[in-house]
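Quick notes on the structure that follows.
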Amino acid sequence: MNKIPRNCEKHLIALLSGDVANTGAILVEGARQVGKTTLAMAAIKATGRSCIPIDLEDNSLLRGRIDACDRFQDFEELLVDELGFRSGSGGVLFIDEAQESRNLGRFVRYMKERWNGVQVLLTGSSLTRLFRGDTRYPVGRLTRMHLAPFDFGEFLVATGQEELGAVLHGASREISQARHRRLLEQYDQFLTIGGMPGTVLVHASGGDYERRSQELLADLNEDFRRLFGEENLAIVTSCLRSVANFVGSPSKISTVLQDSGRTARRTAEEVFARLEQWAVVLKSEQRGPSPESAHAYHPKRYLFDTGLLRLLREAAVPRISVLDTIDASQRRPLGGILENQVAIGLHHHQGSLEGWKRSSSGSEMDFVSGGSNQRCPIECKAALVVKLTHLKGLRAYLEHYGLSQGTVVSFAPYREYDIDGRIIVNVPAYLLTQHLVKTS
């Protein structure tokens, strides 16, 4: 894979370059093939530090020997004997695919306490757990980073459009109509292709990105087959297709299964719980005006990559274009697709998702971001022009809770609306990441 700078790379370099006595181990997690290994190697290279790399997926012999270690001392001696490891070397011990070891999680807590002269960097797929069974999570001894697929800015860089990507990071939100249209054209492609690095780079080189996406989905299915068992693979597939087909709407078990029996429902609920734990499916609880009312609302669910969502969703649905699909009825599904991408951005930025409903049949907010002291409602509108009627729900929410600012994410140019002293900011979808960083 070609090396594409990631937004989190500077943060990882800073961790690797810091005081190794106090940082503890660093764990970079994410779904398969989001670029964890590439990120880790680039960050290590940027520090100029020496590195001992271990790939526990490829090196099954070493993995077996680590799993046979009873004590941390045994583990350390194994590294010394097999790899020439020295804890005072000042280098980096890089363990790739760390989750492949059943035993390694037990030793992470001791790495900070006993190794004062080496930095440990672990990467692993979020589809399996590094800390298994009764292994305690090493609180205070581990820094975790979650790597998501490319966001739109990274997508532009990966497709050779660095200059257009630089526009996103500019101080001014005054973007010309011509440039706005070019950004929307690229964002339309982004919503179709998604952000999985391998798929984006195949597209950038003129290859068959759809075939690459199909291969990626097949790889995920093999993971699911191994993790859930052959007998439950059909339910896993149904869960993912349900998320894709009903994105933007309440997520119900009844949309997953024709068999509504108790056993099948319980299996589907367990599948969703594990997919959510791995951040393959992103769950957004729907709150209400009172704590009691929220219990009556079904959650919403989103997929971790919008390209894969559209692959699962659109086998028999004509492609919907941000700029060229004008008919409102044909355009309606685009709202859910936009909402999925906004969910990915929010989840990566704040680690959780939450929506709001006034009542089961009343107005709703797609998302509410921020903490309890700084709430910001967010509405998604797949519109090229934002009308005042689009802002009614946001305005009512702001008035109800006495808040001063809300956000619309749409395909319209940046604009701020002052409505009775309350500010509603329309953020073009391509500026979402920058807006979240600026307002956090």
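Following the order of the structure tokens, first chain is A, next is B, and so on, with residues numbered from 1 inside each chain and ligands from 1 in the order they appear.
Contact shell of Pro53 (chain A) at 10 Å (only C-alpha atoms; same-chain neighbours under 3 positions omitted): Met41, Ser50, Leu56, Leu83, Val92, Leu93, Phe94, Ile95, Asp96 and Leu121 of chain A.
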Subject >> Near-Val120 (chain A) list (10 Å; only C-alpha atoms; drop same-chain fewer than 6 positions) as a PyMOL selection string >> reply: chain A and resi 16+20+23-27+51-52+91-95+108+111-112+142
Could the residues of region 163-229 of chain A that have an atom at most 9 Å from region 428-435 of chain A be listed as a Markdown table, each with its closest atom pair and the distance in Å to one decimal, counting only C-alpha atoms and ordered by chain and ascending residue number?
| residue | atom | partner | partner_atom | distance |
| --- | --- | --- | --- | --- |
| A:Leu168 | CA | A:Leu431 | CA | 6.2 |
| A:His169 | CA | A:Gln434 | CA | 6.9 |
| A:Arg173 | CA | A:Leu431 | CA | 9.0 |
| A:His180 | CA | A:Pro428 | CA | 8.9 |
| A:Leu183 | CA | A:Tyr430 | CA | 7.1 |
| A:Leu184 | CA | A:Tyr430 | CA | 7.4 |
| A:Tyr187 | CA | A:Tyr430 | CA | 6.5 |
**OP:** Please give the complete set of residues from region 263-435 of chain A that DSSP, run on the backbone, assigns to helix (DSSP H, G or I), formatted as a ChimeraX atom specification.
**Re:** /A:263-277,293-296,306-313,328-350,388-401,429-435
Residues within 9 Å of Val322 (chain A), please, as a compact mmCIF listing (two decimals) with N, CA and C atoms, in the first residue's frame. Count only C-alpha atoms; anything in the same chain fewer than 2 positions from it doesn't count.
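Once everything was written out, this is result-v4.txt:
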# COMPACT_ATOMS: atom_id res chain seq x y z
N LEU A 184 -17.91 18.87 -4.10
CA LEU A 184 -19.08 17.98 -4.05
C LEU A 184 -18.93 16.82 -5.01
N GLU A 185 -18.35 17.07 -6.18
CA GLU A 185 -18.10 15.98 -7.13
C GLU A 185 -17.22 14.91 -6.51
N TYR A 187 -16.74 14.51 -3.23
CA TYR A 187 -17.43 13.93 -2.07
C TYR A 187 -18.45 12.88 -2.52
N ASP A 188 -19.05 13.09 -3.67
CA ASP A 188 -19.96 12.11 -4.25
C ASP A 188 -19.21 10.80 -4.49
N ILE A 320 -27.25 6.81 -6.70
CA ILE A 320 -27.78 8.13 -6.38
C ILE A 320 -26.63 9.12 -6.39
N ASP A 324 -26.39 15.15 -9.41
CA ASP A 324 -27.20 14.91 -10.61
C ASP A 324 -28.56 14.28 -10.35
N THR A 325 -28.76 13.65 -9.21
CA THR A 325 -30.08 13.10 -8.90
C THR A 325 -30.93 14.22 -8.29
N ILE A 326 -31.91 14.68 -9.05
CA ILE A 326 -32.70 15.84 -8.63
C ILE A 326 -34.04 15.44 -8.04
N ARG A 331 -33.92 10.82 -4.52
CA ARG A 331 -32.84 11.38 -3.71
C ARG A 331 -32.96 11.01 -2.23
N LEU A 334 -30.37 9.12 -0.21
CA LEU A 334 -29.09 9.78 -0.03
C LEU A 334 -28.96 10.39 1.37
N ALA A 382 -29.74 16.05 2.90
CA ALA A 382 -29.10 15.78 1.61
C ALA A 382 -29.60 16.77 0.56
N ALA A 383 -29.45 18.05 0.87
CA ALA A 383 -29.97 19.12 0.01
C ALA A 383 -28.83 19.96 -0.51
N LEU A 384 -29.00 20.44 -1.76
CA LEU A 384 -28.02 21.34 -2.35
C LEU A 384 -28.27 22.78 -1.95
N PHE A 411 -25.28 19.52 1.57
CA PHE A 411 -24.45 19.72 0.38
C PHE A 411 -24.50 21.16 -0.11
**OP:** Quick one: everything within 9 Å of region 204-220 of chain A, counting only C-alpha atoms, minus sequence neighbours fewer than 6 positions away in the same chain. Send it as a ChimeraX atom specification.
**Re:** /A:32-33,158-160,193,196,198,307-308,311
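One distance worth recording is that between CA of Gln99 (chain A) and CA of Ser125 (chain A), which is 6.9 Å.
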Original post:
Which polymer residues have any atom within 10 Å of an atom of region 64-66 of chain A, counting only C-alpha atoms, with same-chain residues fewer than 6 positions away left out, as a VMD selection string?
Top reply: chain A and resid 56 72 74 to 76 78 to 79 100 to 104
Subject >> Exercise: region 346-360 of chain A partners within 6 Å, only C-alpha atoms, chain neighbours under 4 positions left out, as a PyMOL selection string >> reply: chain A and resi 284-288+364-368
Residues from last step as file, C-alpha atoms, as a PDB file, in the first residue's frame:
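Saved result, part_5.pdb, follows:
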ATOM      1  CA  SER A 284     -26.661   5.540  18.337  1.00  0.00           C
ATOM      2  CA  GLU A 285     -29.052   5.475  21.291  1.00  0.00           C
ATOM      3  CA  GLN A 286     -32.072   7.717  20.838  1.00  0.00           C
ATOM      4  CA  ARG A 287     -32.737   9.883  23.885  1.00  0.00           C
ATOM      5  CA  GLY A 288     -35.943  11.723  24.688  1.00  0.00           C
ATOM      6  CA  GLU A 364     -35.956  14.273  16.038  1.00  0.00           C
ATOM      7  CA  MET A 365     -32.304  15.283  15.940  1.00  0.00           C
ATOM      8  CA  ASP A 366     -30.061  12.954  13.972  1.00  0.00           C
ATOM      9  CA  PHE A 367     -27.227  13.495  16.457  1.00  0.00           C
ATOM     10  CA  VAL A 368     -26.470  15.415  19.624  1.00  0.00           C
TER      11      VAL A 368
END
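The closest residue to Leu323 (chain A), picked from A:Ser290, A:Gln258, A:Gln186, A:Ser249 and counting only C-alpha atoms, is A:Gln186.
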Per-residue DSSP, region 79-266 of chain A, filtered to strand (DSSP E or B), as a compact mmCIF listing (two decimals) with N, CA and C atoms, in the first residue's frame:
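Now in result.txt:
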# COMPACT_ATOMS: atom_id res chain seq x y z
N VAL A 92 11.99 0.86 19.63
CA VAL A 92 10.57 0.54 19.64
C VAL A 92 10.38 -0.95 19.41
N LEU A 93 9.64 -1.59 20.26
CA LEU A 93 9.20 -2.96 20.04
C LEU A 93 7.82 -2.89 19.41
N PHE A 94 7.74 -3.27 18.14
CA PHE A 94 6.50 -3.15 17.38
C PHE A 94 5.90 -4.54 17.17
N ILE A 95 4.75 -4.80 17.80
CA ILE A 95 4.08 -6.09 17.69
C ILE A 95 2.81 -5.89 16.87
N ASP A 96 2.85 -6.39 15.64
CA ASP A 96 1.73 -6.26 14.72
C ASP A 96 0.79 -7.46 14.88
N GLN A 119 9.99 1.71 23.92
CA GLN A 119 8.59 2.01 23.68
C GLN A 119 7.94 0.81 23.01
N VAL A 120 6.78 0.42 23.49
CA VAL A 120 6.06 -0.71 22.91
C VAL A 120 4.87 -0.18 22.11
N LEU A 121 4.79 -0.61 20.85
CA LEU A 121 3.68 -0.25 19.98
C LEU A 121 3.00 -1.53 19.51
N LEU A 122 1.72 -1.64 19.81
CA LEU A 122 0.93 -2.80 19.42
C LEU A 122 -0.12 -2.37 18.40
N THR A 123 -0.35 -3.19 17.39
CA THR A 123 -1.50 -2.96 16.51
C THR A 123 -2.34 -4.22 16.49
N GLY A 124 -3.64 -4.04 16.29
CA GLY A 124 -4.50 -5.22 16.27
C GLY A 124 -5.86 -4.92 15.72
N SER A 125 -6.45 -5.92 15.10
CA SER A 125 -7.80 -5.80 14.58
C SER A 125 -8.78 -5.70 15.73
N LEU A 142 -1.63 1.82 29.34
CA LEU A 142 -1.85 1.62 27.91
C LEU A 142 -2.54 2.85 27.32
N THR A 143 -2.02 3.35 26.20
CA THR A 143 -2.67 4.42 25.45
C THR A 143 -3.29 3.81 24.20
N ARG A 144 -4.60 4.01 24.03
CA ARG A 144 -5.31 3.39 22.91
C ARG A 144 -5.61 4.44 21.85
N MET A 145 -5.45 4.05 20.59
CA MET A 145 -5.84 4.86 19.45
C MET A 145 -6.70 3.98 18.54
N HIS A 146 -7.79 4.56 18.02
CA HIS A 146 -8.63 3.82 17.08
C HIS A 146 -8.45 4.43 15.69
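With only C-alpha atoms as the atoms that count, the minimum distance from Pro149 (chain A) to the choices A:Ile13, A:Val280, A:Val80, A:Val271 is reached by A:Val280.
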